[in-house]
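Pasted below: protein_18.cif, mmCIF, C-alpha atoms and all ligand atoms.
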```cif
data_query
#
loop_
_atom_site.label_atom_id
_atom_site.label_comp_id
_atom_site.auth_asym_id
_atom_site.auth_seq_id
_atom_site.Cartn_x
_atom_site.Cartn_y
_atom_site.Cartn_z
CA MET P 1 -53.35 -82.70 -151.58
CA ALA P 2 -51.14 -85.71 -152.30
CA ASP P 3 -54.26 -87.36 -153.61
CA GLN P 4 -55.24 -84.42 -155.74
CA VAL P 5 -51.86 -84.44 -157.52
CA SER P 6 -52.20 -88.18 -158.16
CA ARG P 7 -55.74 -87.70 -159.37
CA VAL P 8 -54.84 -84.94 -161.85
CA ILE P 9 -52.04 -87.13 -163.25
CA MET P 10 -54.34 -90.14 -163.60
CA ALA P 11 -57.13 -88.00 -165.12
CA GLU P 12 -54.70 -86.84 -167.78
CA ALA P 13 -53.56 -90.40 -168.49
CA ASP P 14 -57.21 -91.36 -168.94
CA ARG P 15 -57.79 -88.47 -171.30
CA ILE P 16 -54.86 -89.58 -173.46
CA GLY P 17 -56.09 -93.18 -173.33
CA ILE P 18 -52.65 -94.72 -173.22
CA ASP P 19 -52.10 -98.48 -172.65
CA PRO P 20 -48.44 -98.91 -171.68
CA GLY P 21 -46.49 -102.13 -171.22
CA THR P 22 -44.26 -100.55 -168.59
CA VAL P 23 -45.14 -97.65 -166.28
CA VAL P 24 -42.49 -95.86 -164.26
CA VAL P 25 -43.66 -93.88 -161.22
CA ILE P 26 -41.20 -91.19 -160.12
CA ASP P 27 -41.11 -89.39 -156.76
CA ASP P 28 -44.50 -90.57 -155.56
CA GLN P 29 -44.78 -89.41 -151.95
CA ASP P 30 -47.30 -91.73 -150.39
CA GLY P 31 -47.95 -94.62 -152.81
CA SER P 32 -51.21 -93.12 -154.10
CA LEU P 33 -49.86 -92.73 -157.64
CA LEU P 34 -48.35 -96.20 -157.62
CA LEU P 35 -51.59 -97.82 -156.43
CA ALA P 36 -53.68 -95.85 -158.93
CA ALA P 37 -51.36 -96.94 -161.77
CA ALA P 38 -51.57 -100.58 -160.65
CA GLU P 39 -55.34 -100.43 -160.62
CA ARG P 40 -55.55 -98.75 -164.04
CA TRP P 41 -53.01 -100.96 -165.83
CA PRO P 42 -53.08 -104.32 -164.01
CA GLU P 43 -51.06 -106.04 -166.73
CA ALA P 44 -48.29 -103.43 -166.94
CA GLU P 45 -44.84 -103.79 -165.39
CA LEU P 46 -44.64 -101.20 -162.59
CA ARG P 47 -41.39 -99.47 -161.67
CA LEU P 48 -40.71 -97.03 -158.86
CA HIS P 49 -37.93 -94.47 -158.48
CA CYS P 50 -37.85 -91.99 -155.59
CA ASP P 51 -35.16 -89.48 -154.71
CA ALA P 52 -36.09 -89.33 -151.01
CA LEU P 53 -35.65 -92.48 -148.94
CA ASP P 54 -38.70 -91.91 -146.71
CA GLU P 55 -40.96 -91.52 -149.74
CA GLU P 56 -39.50 -94.66 -151.29
CA GLN P 57 -40.09 -96.62 -148.09
CA THR P 58 -43.68 -95.34 -147.80
CA CYS P 59 -44.41 -96.30 -151.42
CA ARG P 60 -42.84 -99.74 -151.03
CA ALA P 61 -44.87 -100.40 -147.89
CA ALA P 62 -48.07 -99.32 -149.68
CA ALA P 63 -47.21 -101.65 -152.57
CA ASP P 64 -46.52 -104.54 -150.18
CA ARG P 65 -49.82 -104.02 -148.36
CA ALA P 66 -51.63 -104.07 -151.70
CA GLY P 67 -49.72 -107.21 -152.80
CA LEU P 68 -48.25 -105.41 -155.83
CA ARG P 69 -45.14 -106.46 -157.69
CA VAL P 70 -43.10 -103.31 -158.15
CA THR P 71 -39.49 -103.03 -159.26
CA ALA P 72 -37.74 -100.34 -157.23
CA ALA P 73 -34.88 -99.02 -159.37
CA ASP P 74 -31.93 -97.15 -157.87
CA ASP P 75 -30.92 -95.57 -161.12
CA LEU P 76 -33.31 -93.23 -162.94
CA GLY P 77 -31.90 -94.37 -166.30
CA LEU P 78 -32.63 -98.00 -165.48
CA ALA P 79 -36.05 -97.13 -164.07
CA THR P 80 -37.07 -95.42 -167.30
CA THR P 81 -35.52 -97.89 -169.76
CA GLY P 82 -38.21 -99.04 -172.20
CA ALA P 83 -41.07 -97.40 -170.26
CA GLY P 84 -44.11 -96.35 -172.30
CA LEU P 85 -45.48 -94.02 -169.63
CA ALA P 86 -43.80 -92.00 -166.89
CA LEU P 87 -45.91 -90.58 -164.06
CA ALA P 88 -44.09 -88.14 -161.81
CA ARG P 89 -44.52 -85.61 -159.08
CA LEU P 90 -42.88 -82.42 -160.27
CA PRO P 91 -39.69 -81.76 -158.35
CA LYS P 92 -39.19 -78.37 -156.70
CA GLY P 93 -36.18 -77.30 -158.76
CA LEU P 94 -35.53 -76.99 -162.48
CA ASP P 95 -32.25 -78.94 -162.34
CA ALA P 96 -34.08 -81.93 -160.86
CA LEU P 97 -36.77 -81.64 -163.56
CA GLU P 98 -34.04 -81.48 -166.23
CA LEU P 99 -32.58 -84.75 -164.95
CA LEU P 100 -35.99 -86.40 -164.77
CA ALA P 101 -37.26 -85.26 -168.19
CA GLY P 102 -33.93 -86.05 -169.84
CA ALA P 103 -33.87 -89.57 -168.40
CA VAL P 104 -37.44 -90.27 -169.53
CA ALA P 105 -36.79 -88.91 -173.04
CA ARG P 106 -33.48 -90.75 -173.39
CA ALA P 107 -34.19 -94.20 -172.02
CA SER P 108 -37.85 -94.81 -172.73
CA ASP P 109 -39.95 -96.19 -175.55
CA PRO P 110 -39.86 -93.53 -178.39
CA GLU P 111 -43.64 -93.16 -177.94
CA VAL P 112 -43.27 -92.44 -174.22
CA VAL P 113 -45.56 -89.92 -172.54
CA LEU P 114 -44.46 -88.07 -169.40
CA ILE P 115 -47.18 -86.75 -167.10
CA ALA P 116 -45.76 -84.72 -164.24
CA GLY P 117 -48.10 -83.16 -161.68
CA GLY P 118 -47.86 -80.75 -158.80
CA ARG P 119 -49.64 -78.03 -156.90
CA VAL P 120 -50.50 -75.08 -159.11
CA LYS P 121 -48.60 -72.69 -156.80
CA HIS P 122 -45.38 -74.67 -157.42
CA LEU P 123 -45.72 -74.72 -161.21
CA ASN P 124 -44.02 -72.09 -163.36
CA ARG P 125 -43.42 -71.33 -167.03
CA SER P 126 -39.75 -72.27 -166.79
CA MET P 127 -40.84 -75.87 -166.19
CA ASN P 128 -42.44 -75.91 -169.66
CA GLY P 129 -39.14 -74.65 -171.05
CA VAL P 130 -37.26 -77.54 -169.43
CA LEU P 131 -39.72 -80.09 -170.83
CA GLU P 132 -39.51 -78.51 -174.28
CA ARG P 133 -35.79 -79.35 -174.37
CA HIS P 134 -36.68 -83.05 -174.12
CA PHE P 135 -40.10 -83.37 -175.77
CA GLY P 136 -41.42 -82.12 -179.13
CA GLU P 137 -44.90 -81.62 -177.67
CA VAL P 138 -45.47 -80.04 -174.25
CA ARG P 139 -48.77 -78.84 -172.78
CA GLY P 140 -50.54 -78.28 -169.51
CA SER P 141 -53.46 -80.41 -168.33
CA LEU P 142 -56.74 -79.10 -167.03
CA GLY P 143 -56.54 -78.18 -163.35
CA LEU P 144 -58.10 -80.33 -160.66
CA GLY P 145 -58.64 -78.32 -157.48
CA LYS P 146 -55.20 -76.92 -156.68
CA ALA P 147 -53.28 -79.41 -158.81
CA ARG P 148 -52.25 -79.47 -162.44
CA ALA P 149 -49.98 -81.57 -164.66
CA LEU P 150 -47.55 -80.94 -167.49
CA VAL P 151 -47.50 -83.43 -170.33
CA GLY P 152 -44.53 -84.22 -172.59
CA ALA P 153 -44.78 -86.37 -175.72
CA ARG P 154 -42.65 -87.02 -178.84
CA ALA P 155 -39.43 -87.55 -176.92
CA ARG P 156 -36.23 -85.87 -178.13
CA PRO P 157 -33.47 -87.98 -176.59
CA GLY P 158 -30.32 -86.02 -175.79
CA PRO P 159 -27.11 -86.54 -173.84
CA GLU P 160 -27.19 -86.89 -170.07
CA PRO P 161 -26.86 -83.43 -168.48
CA GLN P 162 -23.56 -82.75 -166.74
CA PRO P 163 -23.61 -81.83 -163.05
CA ARG P 164 -23.03 -78.20 -162.07
CA ARG P 165 -19.57 -77.39 -160.72
CA ALA P 166 -18.23 -74.36 -158.89
CA ALA P 167 -15.39 -73.27 -156.64
CA VAL P 168 -16.66 -72.03 -153.26
CA ASP P 169 -14.49 -70.89 -150.35
CA GLY P 170 -11.52 -72.93 -151.57
CA LEU P 171 -13.58 -76.07 -152.16
CA GLU P 172 -14.92 -77.56 -155.38
CA VAL P 173 -18.64 -78.36 -155.31
CA VAL P 174 -20.38 -80.73 -157.73
CA ALA P 175 -24.19 -80.71 -157.80
CA TYR P 176 -26.61 -83.15 -159.41
CA GLY P 177 -30.34 -82.56 -159.83
CA GLY P 178 -32.19 -80.96 -156.95
CA VAL P 179 -29.47 -81.26 -154.28
CA PHE P 180 -29.77 -78.60 -151.56
CA ALA P 181 -28.07 -75.28 -152.49
CA GLY P 182 -26.95 -76.68 -155.88
CA ALA P 183 -23.40 -75.71 -156.83
CA SER P 184 -23.25 -72.98 -154.22
CA LEU P 185 -22.56 -72.62 -150.52
CA ASP P 186 -25.58 -72.08 -148.29
CA ALA P 187 -25.15 -69.10 -145.94
CA GLY P 188 -25.76 -71.28 -142.85
CA THR P 189 -23.26 -73.88 -144.04
CA ARG P 190 -20.72 -71.10 -144.64
CA LEU P 191 -21.09 -69.96 -141.02
CA LEU P 192 -20.54 -73.52 -139.75
CA LEU P 193 -17.62 -74.15 -142.16
CA ALA P 194 -15.88 -71.06 -140.79
CA GLN P 195 -15.84 -72.77 -137.38
CA ALA P 196 -14.11 -75.92 -138.72
CA PRO P 197 -10.73 -75.05 -137.13
CA ARG P 198 -12.50 -75.22 -133.75
CA PHE P 199 -13.98 -78.68 -134.29
CA PRO P 200 -12.56 -81.17 -131.78
CA ALA P 201 -10.15 -83.94 -132.78
CA ALA P 202 -12.24 -86.98 -133.73
CA GLU P 203 -11.62 -90.61 -134.60
CA SER P 204 -15.02 -90.77 -136.28
CA ALA P 205 -17.18 -87.95 -137.61
CA ILE P 206 -20.48 -87.66 -139.48
CA ASP P 207 -21.70 -85.00 -141.89
CA LEU P 208 -25.42 -85.46 -141.23
CA GLY P 209 -27.78 -84.44 -144.06
CA CYS P 210 -24.66 -83.91 -146.17
CA GLY P 211 -26.17 -82.46 -149.38
CA THR P 212 -23.18 -81.91 -151.67
CA GLY P 213 -20.88 -82.97 -148.80
CA LEU P 214 -18.87 -79.77 -148.36
CA LEU P 215 -18.81 -80.19 -144.57
CA ALA P 216 -17.47 -83.74 -145.00
CA VAL P 217 -14.69 -82.42 -147.26
CA ALA P 218 -13.81 -79.80 -144.63
CA LEU P 219 -13.63 -82.60 -142.01
CA ALA P 220 -11.31 -84.60 -144.28
CA ARG P 221 -8.99 -81.59 -144.62
CA LEU P 222 -8.87 -81.06 -140.86
CA ASP P 223 -7.51 -84.43 -139.83
CA ALA P 224 -6.12 -87.20 -142.04
CA ALA P 225 -6.95 -89.81 -139.39
CA THR P 226 -10.67 -89.11 -138.93
CA LYS P 227 -13.05 -91.73 -140.31
CA ILE P 228 -15.74 -89.67 -142.04
CA THR P 229 -19.25 -90.69 -143.00
CA ALA P 230 -21.60 -88.46 -144.99
CA ILE P 231 -25.31 -89.35 -144.81
CA ASP P 232 -28.26 -88.04 -146.78
CA HIS P 233 -31.66 -89.49 -147.64
CA SER P 234 -31.65 -88.00 -151.15
CA ARG P 235 -30.18 -89.82 -154.15
CA ALA P 236 -29.19 -86.51 -155.75
CA ALA P 237 -27.33 -85.56 -152.56
CA VAL P 238 -25.50 -88.87 -152.34
CA ARG P 239 -24.46 -88.67 -155.99
CA SER P 240 -23.32 -85.05 -155.50
CA ALA P 241 -21.40 -85.81 -152.28
CA VAL P 242 -19.55 -88.70 -153.95
CA ALA P 243 -18.58 -86.41 -156.85
CA THR P 244 -17.69 -83.49 -154.54
CA ALA P 245 -15.46 -85.74 -152.42
CA ALA P 246 -13.68 -86.93 -155.59
CA ALA P 247 -13.30 -83.39 -156.94
CA ASN P 248 -11.53 -82.40 -153.70
CA GLY P 249 -9.24 -85.44 -153.65
CA ALA P 250 -11.14 -86.94 -150.70
CA ALA P 251 -12.94 -89.85 -152.38
CA ASP P 252 -11.10 -92.43 -150.27
CA ARG P 253 -11.66 -90.46 -147.06
CA ILE P 254 -15.45 -90.10 -147.09
CA ASP P 255 -17.96 -92.93 -146.92
CA VAL P 256 -21.14 -91.51 -148.48
CA ARG P 257 -24.35 -93.33 -147.60
CA ARG P 258 -28.02 -92.94 -148.41
CA GLY P 259 -29.80 -93.23 -145.10
CA ASP P 260 -32.53 -91.86 -142.88
CA GLY P 261 -30.60 -89.65 -140.48
CA LEU P 262 -28.70 -91.63 -137.85
CA VAL P 263 -31.10 -94.59 -137.84
CA GLU P 264 -28.41 -97.08 -138.89
CA VAL P 265 -25.61 -95.65 -136.72
CA ALA P 266 -24.69 -97.59 -133.57
CA ASP P 267 -25.12 -96.14 -130.06
CA GLU P 268 -22.13 -94.23 -128.64
CA SER P 269 -19.99 -94.83 -131.73
CA VAL P 270 -19.24 -91.29 -133.00
CA ASP P 271 -17.03 -88.43 -131.72
CA LEU P 272 -18.27 -85.55 -133.85
CA ILE P 273 -21.43 -84.74 -135.83
CA VAL P 274 -21.71 -81.62 -137.99
CA CYS P 275 -25.09 -80.75 -139.40
CA ASN P 276 -27.12 -78.13 -141.19
CA PRO P 277 -30.46 -79.87 -140.64
CA PRO P 278 -33.41 -79.82 -143.04
CA PHE P 279 -36.13 -77.31 -142.25
CA HIS P 280 -38.49 -78.45 -145.00
CA ARG P 281 -40.21 -81.68 -145.81
CA GLY P 282 -41.03 -81.55 -149.53
CA THR P 283 -42.27 -78.01 -149.96
CA ALA P 284 -43.62 -77.50 -146.41
CA LYS P 285 -41.67 -76.04 -143.46
CA ASP P 286 -41.15 -78.81 -140.93
CA SER P 287 -38.74 -79.22 -138.00
CA SER P 288 -39.58 -82.83 -137.19
CA THR P 289 -36.60 -84.34 -139.08
CA ALA P 290 -34.20 -81.87 -137.42
CA LEU P 291 -35.57 -82.74 -133.98
CA THR P 292 -35.23 -86.47 -134.70
CA MET P 293 -31.63 -85.86 -135.79
CA ILE P 294 -30.93 -84.04 -132.51
CA THR P 295 -32.48 -86.86 -130.45
CA ASP P 296 -30.51 -89.50 -132.36
CA ALA P 297 -27.28 -87.50 -132.07
CA GLY P 298 -27.64 -87.88 -128.30
CA ARG P 299 -27.82 -91.64 -128.79
CA VAL P 300 -24.91 -92.12 -131.23
CA LEU P 301 -22.37 -89.71 -129.72
CA ARG P 302 -19.81 -91.12 -127.32
CA PRO P 303 -19.70 -89.41 -123.92
CA GLY P 304 -17.72 -86.22 -124.50
CA GLY P 305 -18.59 -86.31 -128.22
CA GLU P 306 -19.89 -83.13 -129.86
CA LEU P 307 -22.74 -82.06 -132.12
CA TRP P 308 -22.14 -78.83 -134.09
CA LEU P 309 -25.35 -77.54 -135.58
CA VAL P 310 -26.23 -74.50 -137.69
CA TYR P 311 -29.83 -73.34 -137.95
CA ASN P 312 -32.08 -70.33 -138.38
CA THR P 313 -31.99 -68.08 -135.32
CA HIS P 314 -35.77 -68.24 -134.82
CA LEU P 315 -35.88 -72.06 -134.52
CA PRO P 316 -36.39 -73.33 -130.96
CA TYR P 317 -33.84 -76.16 -130.90
CA ARG P 318 -31.81 -75.25 -127.82
CA SER P 319 -33.90 -77.06 -125.22
CA ALA P 320 -33.93 -80.21 -127.40
CA LEU P 321 -30.13 -79.96 -127.76
CA ARG P 322 -29.63 -79.69 -123.99
CA ARG P 323 -32.13 -82.44 -123.23
CA SER P 324 -30.98 -84.96 -125.88
CA VAL P 325 -27.25 -84.25 -126.12
CA GLY P 326 -26.03 -82.14 -123.22
CA PRO P 327 -24.60 -78.70 -122.36
CA THR P 328 -25.05 -76.40 -125.37
CA GLU P 329 -23.38 -73.08 -126.17
CA VAL P 330 -23.83 -70.64 -129.03
CA ILE P 331 -20.48 -70.43 -130.84
CA THR P 332 -21.34 -67.72 -133.35
CA GLN P 333 -24.38 -65.99 -134.74
CA ASP P 334 -25.32 -63.63 -137.55
CA ARG P 335 -28.62 -62.04 -138.50
CA ASP P 336 -30.09 -65.29 -139.85
CA TYR P 337 -28.20 -68.26 -138.40
CA LEU P 338 -26.53 -69.48 -135.28
CA VAL P 339 -23.99 -72.24 -134.70
CA THR P 340 -24.28 -74.29 -131.52
CA ARG P 341 -21.90 -76.79 -129.91
CA SER P 342 -23.48 -79.46 -127.73
CA VAL P 343 -21.33 -81.86 -125.70
CA LYS P 344 -22.68 -85.31 -124.91
CA ALA P 345 -22.89 -85.58 -121.15
CA ASN P 346 -21.36 -88.53 -119.33
CA PRO P 347 -24.07 -90.95 -118.24
C1 LIG G 401 -30.28 -77.82 -145.09
S1 LIG G 401 -29.75 -79.13 -146.10
C2 LIG G 401 -28.00 -79.15 -145.77
C3 LIG G 401 -27.19 -79.84 -146.83
C4 LIG G 401 -25.67 -79.73 -146.68
N1 LIG G 401 -25.21 -80.25 -145.42
C5 LIG G 401 -25.25 -78.29 -146.80
O1 LIG G 401 -24.95 -77.73 -145.77
O2 LIG G 401 -25.26 -77.74 -147.90
C6 LIG G 401 -30.36 -80.56 -145.27
C7 LIG G 401 -30.05 -81.88 -145.94
O3 LIG G 401 -30.66 -82.92 -145.15
C8 LIG G 401 -31.13 -83.92 -146.03
N2 LIG G 401 -32.16 -84.72 -145.33
C9 LIG G 401 -33.48 -84.43 -145.15
N3 LIG G 401 -34.08 -85.41 -144.44
C10 LIG G 401 -33.12 -86.32 -144.17
C11 LIG G 401 -33.11 -87.56 -143.48
N4 LIG G 401 -34.22 -88.05 -142.92
N5 LIG G 401 -31.96 -88.25 -143.41
C12 LIG G 401 -30.83 -87.77 -143.98
N6 LIG G 401 -30.77 -86.61 -144.66
C13 LIG G 401 -31.90 -85.89 -144.74
C14 LIG G 401 -31.62 -83.17 -147.25
O4 LIG G 401 -31.68 -84.00 -148.38
C15 LIG G 401 -30.58 -82.06 -147.34
O5 LIG G 401 -29.52 -82.44 -148.19
#
```
Represent the structure of the file as structure tokens.
Ligand SMILES: C[S@@+](CC[C@H](N)C(=O)[O-])C[C@H]1O[C@@H](n2cnc3c(N)ncnc32)[C@H](O)[C@@H]1O
Amino acid sequence: MADQVSRVIMAEADRIGIDPGTVVVIDDQDGSLLLAAAERWPEAELRLHCDALDEEQTCRAAADRAGLRVTAADDLGLATTGAGLALARLPKGLDALELLAGAVARASDPEVVLIAGGRVKHLNRSMNGVLERHFGEVRGSLGLGKARALVGARARPGPEPQPRRAAVDGLEVVAYGGVFAGASLDAGTRLLLAQAPRFPAAESAIDLGCGTGLLAVALARLDAATKITAIDHSRAAVRSAVATAAANGAADRIDVRRGDGLVEVADESVDLIVCNPPFHRGTAKDSSTALTMITDAGRVLRPGGELWLVYNTHLPYRSALRRSVGPTEVITQDRDYLVTRSVKANP
């Protein structure tokens, strides 16, 4: 399917017959779009911008194997600056599409064309509405199998959209783009947050898969001495968590990092991990990242350290928690979620 989305985007570019000096590829998942663009426009400058770290790493590796020169840009505004063509995978949410379309319309060549593709079942009319705010001409492509693209031309540059803000359970949340739960509190996170007074004293704590970072802010309020790190692989999450920390007066308390789970965290270096793990990868249900997080929590926790996890009641994580971390108890449960506490066993 990844291929089919790339192919529908490239077919549309062919139909338009565009010859851009700079092509920006946004949220490619596997490098197929990047490689196709390199083959089609060998003289063009190629830029890459991905929200998710794993997708970015996969695309960079594919580019390296193919010997391509690609500029990977951290900032979407920089990635799109001066681009004549933007090829993108449609994000899941409308706020993320708003950010993407706005950046392309604002920073690119005035003649820029945006071609954004996805699976037909993930496309909806509201996406056209978002594109129409940033482009004078918006239309759908022909379908290819189960994939289709939306095309935006005649850019209408506007101001950068402001993040969403809200007050939730005594905390201020700031949400950029497609960050998980947006400017609201996920029901699972709410259940875990309610247990915060029972979290153990900790010199160092991690909010793993932090999203907007509300759990990290709760940790900062609990103990002024705890060194807190918030980690997420998504750029939108990192940007949101930085802003949420600042909005709650905790900017100097929380070190927000873009990272792949606990990969860069040293063995036996952490006292407390709190986590509402991902249960999707892209649009598909997938527990593999959550299970990797559990395994790695067992590695990075100090003996006696604790992992507090919230997850859907039907997910079979308890044996992994016992095996990788140690004794595990259910602290609370409602119809949909349960909160577990796992204590790292002494070696
Ligand atoms: C269920 S959401 C929870 C977000 C936030 N903690 C909350 O409770 O609102 C899971 C989060 O994990 C992040 N995530 C997914 N894969 C990741 C990975 N490999 N490394 C770090 N974060 C990841 C997602 O971007 C998402 O923000």
Would you work out the distance separating CA of Leu94 (chain P) from CA of Thr22 (chain P), expressed in Å to one decimal?
25.9 Å
Could you give me, as a ChimeraX atom specification, every polymer residue with an atom at most 8 Å away from an atom of ligand LIG 401 (chain G), counting only C-alpha atoms and all ligand atoms?
/P:52-54,179-181,185-186,188-190,207-215,231-234,237,258-262,275-281,289-290,293
Identify which of the residues P:Pro200, P:Pro42, P:Gly249, P:Gly136 lies closest to Leu307 (chain P), counting all atoms listed in the file when measuring atom-to-atom distances.
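For Leu307 (chain P), the nearest of the candidates is P:Pro200.
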Enumerate, as a PyMOL selection string, the protein, DNA and RNA residues whose atoms approach (-35.0, -92.4, -171.3) to within 8 Å, taking into account all atoms listed in the file and the coordinate frame of the file.
chain P and resi 77+80-83+102-109+157
Long-range neighbours of Ile115 (chain P) as a tab-separated table (two decimals) with C-alpha atoms, in the coordinates of the input, 8 Å cut-off, all atoms listed in the file, 6 positions minimum in chain:
```tsv
chain	number	residue	atom	x	y	z
P	9	ILE	CA	-52.04	-87.13	-163.25
P	12	GLU	CA	-54.70	-86.84	-167.78
P	13	ALA	CA	-53.56	-90.40	-168.49
P	85	LEU	CA	-45.48	-94.02	-169.63
P	86	ALA	CA	-43.80	-92.00	-166.89
P	87	LEU	CA	-45.91	-90.58	-164.06
P	88	ALA	CA	-44.09	-88.14	-161.81
P	149	ALA	CA	-49.98	-81.57	-164.66
P	150	LEU	CA	-47.55	-80.94	-167.49
P	151	VAL	CA	-47.50	-83.43	-170.33
P	152	GLY	CA	-44.53	-84.22	-172.59
```
When you count all atoms listed in the file, which of these residues is closest to Leu191 (chain P): P:Phe135, P:Trp41, P:Tyr337, P:Tyr317?
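Smallest separation from Leu191 (chain P) among the options: P:Tyr337.
A straight line drawn from CA of Leu33 (chain P) to CA of Val263 (chain P) is 27.3 Å long.
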Could you check the closest approach to Ala167 (chain P) for each of P:Thr244, P:Ala196, P:Asn312, P:Asn124 and tell me which residue wins, using all atoms listed in the file?
P:Thr244
Would you list the residues near (-45.6, -80.3, -170.3) (no more than 10 Å away, in the coordinates of the file, using all atoms listed in the file) as a PyMOL selection string?
chain P and resi 101+113-117+125+127-132+135-141+149-153
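Minimum distance to Ser324 (chain P) across P:Leu338, P:Ala218, P:Leu301, P:Val238 (counting only C-alpha atoms) occurs at P:Leu301.
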One number please: CA of Ala166 (chain P) to CA of Ala243 (chain P), in Å, one decimal.
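Computing the Euclidean distance for CA of Ala166 (chain P) and CA of Ala243 (chain P) yields 12.2 Å.
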Counting only C-alpha atoms, the residue of P:Val330, P:Val120, P:Ala61, P:Leu192 that sits nearest Val343 (chain P):
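The answer is P:Val330, which sits nearest to Val343 (chain P).
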Surrounding residues of Ala37 (chain P) excluding itself and chain neighbours under 6 positions, 12 Å, only C-alpha atoms, as a tab-separated table (two decimals) with C-alpha atoms, in the coordinates of the input:
```tsv
chain	number	residue	atom	x	y	z
P	6	SER	CA	-52.20	-88.18	-158.16
P	7	ARG	CA	-55.74	-87.70	-159.37
P	9	ILE	CA	-52.04	-87.13	-163.25
P	10	MET	CA	-54.34	-90.14	-163.60
P	11	ALA	CA	-57.13	-88.00	-165.12
P	13	ALA	CA	-53.56	-90.40	-168.49
P	14	ASP	CA	-57.21	-91.36	-168.94
P	18	ILE	CA	-52.65	-94.72	-173.22
P	19	ASP	CA	-52.10	-98.48	-172.65
P	20	PRO	CA	-48.44	-98.91	-171.68
P	21	GLY	CA	-46.49	-102.13	-171.22
P	22	THR	CA	-44.26	-100.55	-168.59
P	23	VAL	CA	-45.14	-97.65	-166.28
P	24	VAL	CA	-42.49	-95.86	-164.26
P	25	VAL	CA	-43.66	-93.88	-161.22
P	26	ILE	CA	-41.20	-91.19	-160.12
P	28	ASP	CA	-44.50	-90.57	-155.56
P	31	GLY	CA	-47.95	-94.62	-152.81
P	43	GLU	CA	-51.06	-106.04	-166.73
P	44	ALA	CA	-48.29	-103.43	-166.94
P	45	GLU	CA	-44.84	-103.79	-165.39
P	46	LEU	CA	-44.64	-101.20	-162.59
P	47	ARG	CA	-41.39	-99.47	-161.67
P	48	LEU	CA	-40.71	-97.03	-158.86
P	63	ALA	CA	-47.21	-101.65	-152.57
P	68	LEU	CA	-48.25	-105.41	-155.83
P	70	VAL	CA	-43.10	-103.31	-158.15
P	85	LEU	CA	-45.48	-94.02	-169.63
P	86	ALA	CA	-43.80	-92.00	-166.89
P	87	LEU	CA	-45.91	-90.58	-164.06
P	88	ALA	CA	-44.09	-88.14	-161.81
```
Axis-aligned box over every listed atom of region 147-151 of chain P, padded by 4 Å per side: centre and edges in Å to one decimal, as lines of an AutoDock Vina configuration file?
```
center_x = -50.4
center_y = -81.4
center_z = -164.6
size_x = 13.8
size_y = 12.0
size_z = 19.5
```
Could you check which of P:Ala230, P:Val300, P:Val217, P:Ala38 is closest to Ala62 (chain P), using all atoms listed in the file?
P:Ala38
Regenerate region 118-129 of chain P at the level of N, CA and C atoms and dump it as an mmCIF file, keeping the file's coordinate frame.
```
data_model
loop_
_atom_site.group_PDB
_atom_site.id
_atom_site.type_symbol
_atom_site.label_atom_id
_atom_site.label_comp_id
_atom_site.auth_asym_id
_atom_site.auth_seq_id
_atom_site.Cartn_x
_atom_site.Cartn_y
_atom_site.Cartn_z
ATOM 1 N N GLY P 118 -48.235 -81.425 -160.036
ATOM 2 C CA GLY P 118 -47.860 -80.750 -158.800
ATOM 3 C C GLY P 118 -48.933 -79.758 -158.410
ATOM 4 N N ARG P 119 -48.700 -79.074 -157.307
ATOM 5 C CA ARG P 119 -49.640 -78.030 -156.900
ATOM 6 C C ARG P 119 -49.442 -76.826 -157.799
ATOM 7 N N VAL P 120 -50.554 -76.199 -158.170
ATOM 8 C CA VAL P 120 -50.500 -75.080 -159.110
ATOM 9 C C VAL P 120 -49.509 -74.017 -158.618
ATOM 10 N N LYS P 121 -49.468 -73.771 -157.292
ATOM 11 C CA LYS P 121 -48.600 -72.690 -156.800
ATOM 12 C C LYS P 121 -47.117 -73.034 -156.965
ATOM 13 N N HIS P 122 -46.786 -74.306 -157.207
ATOM 14 C CA HIS P 122 -45.380 -74.670 -157.420
ATOM 15 C C HIS P 122 -45.003 -74.786 -158.897
ATOM 16 N N LEU P 123 -46.003 -74.624 -159.777
ATOM 17 C CA LEU P 123 -45.720 -74.720 -161.210
ATOM 18 C C LEU P 123 -45.268 -73.362 -161.756
ATOM 19 N N ASN P 124 -44.357 -73.356 -162.712
ATOM 20 C CA ASN P 124 -44.020 -72.090 -163.360
ATOM 21 C C ASN P 124 -43.670 -72.324 -164.825
ATOM 22 N N ARG P 125 -43.635 -71.228 -165.576
ATOM 23 C CA ARG P 125 -43.420 -71.330 -167.030
ATOM 24 C C ARG P 125 -42.072 -71.947 -167.363
ATOM 25 N N SER P 126 -41.081 -71.728 -166.495
ATOM 26 C CA SER P 126 -39.750 -72.270 -166.790
ATOM 27 C C SER P 126 -39.784 -73.797 -166.863
ATOM 28 N N MET P 127 -40.739 -74.408 -166.143
ATOM 29 C CA MET P 127 -40.840 -75.870 -166.190
ATOM 30 C C MET P 127 -41.206 -76.335 -167.613
ATOM 31 N N ASN P 128 -42.111 -75.572 -168.266
ATOM 32 C CA ASN P 128 -42.440 -75.910 -169.660
ATOM 33 C C ASN P 128 -41.189 -75.853 -170.515
ATOM 34 N N GLY P 129 -40.371 -74.816 -170.274
ATOM 35 C CA GLY P 129 -39.140 -74.650 -171.050
ATOM 36 C C GLY P 129 -38.221 -75.852 -170.885
#
```
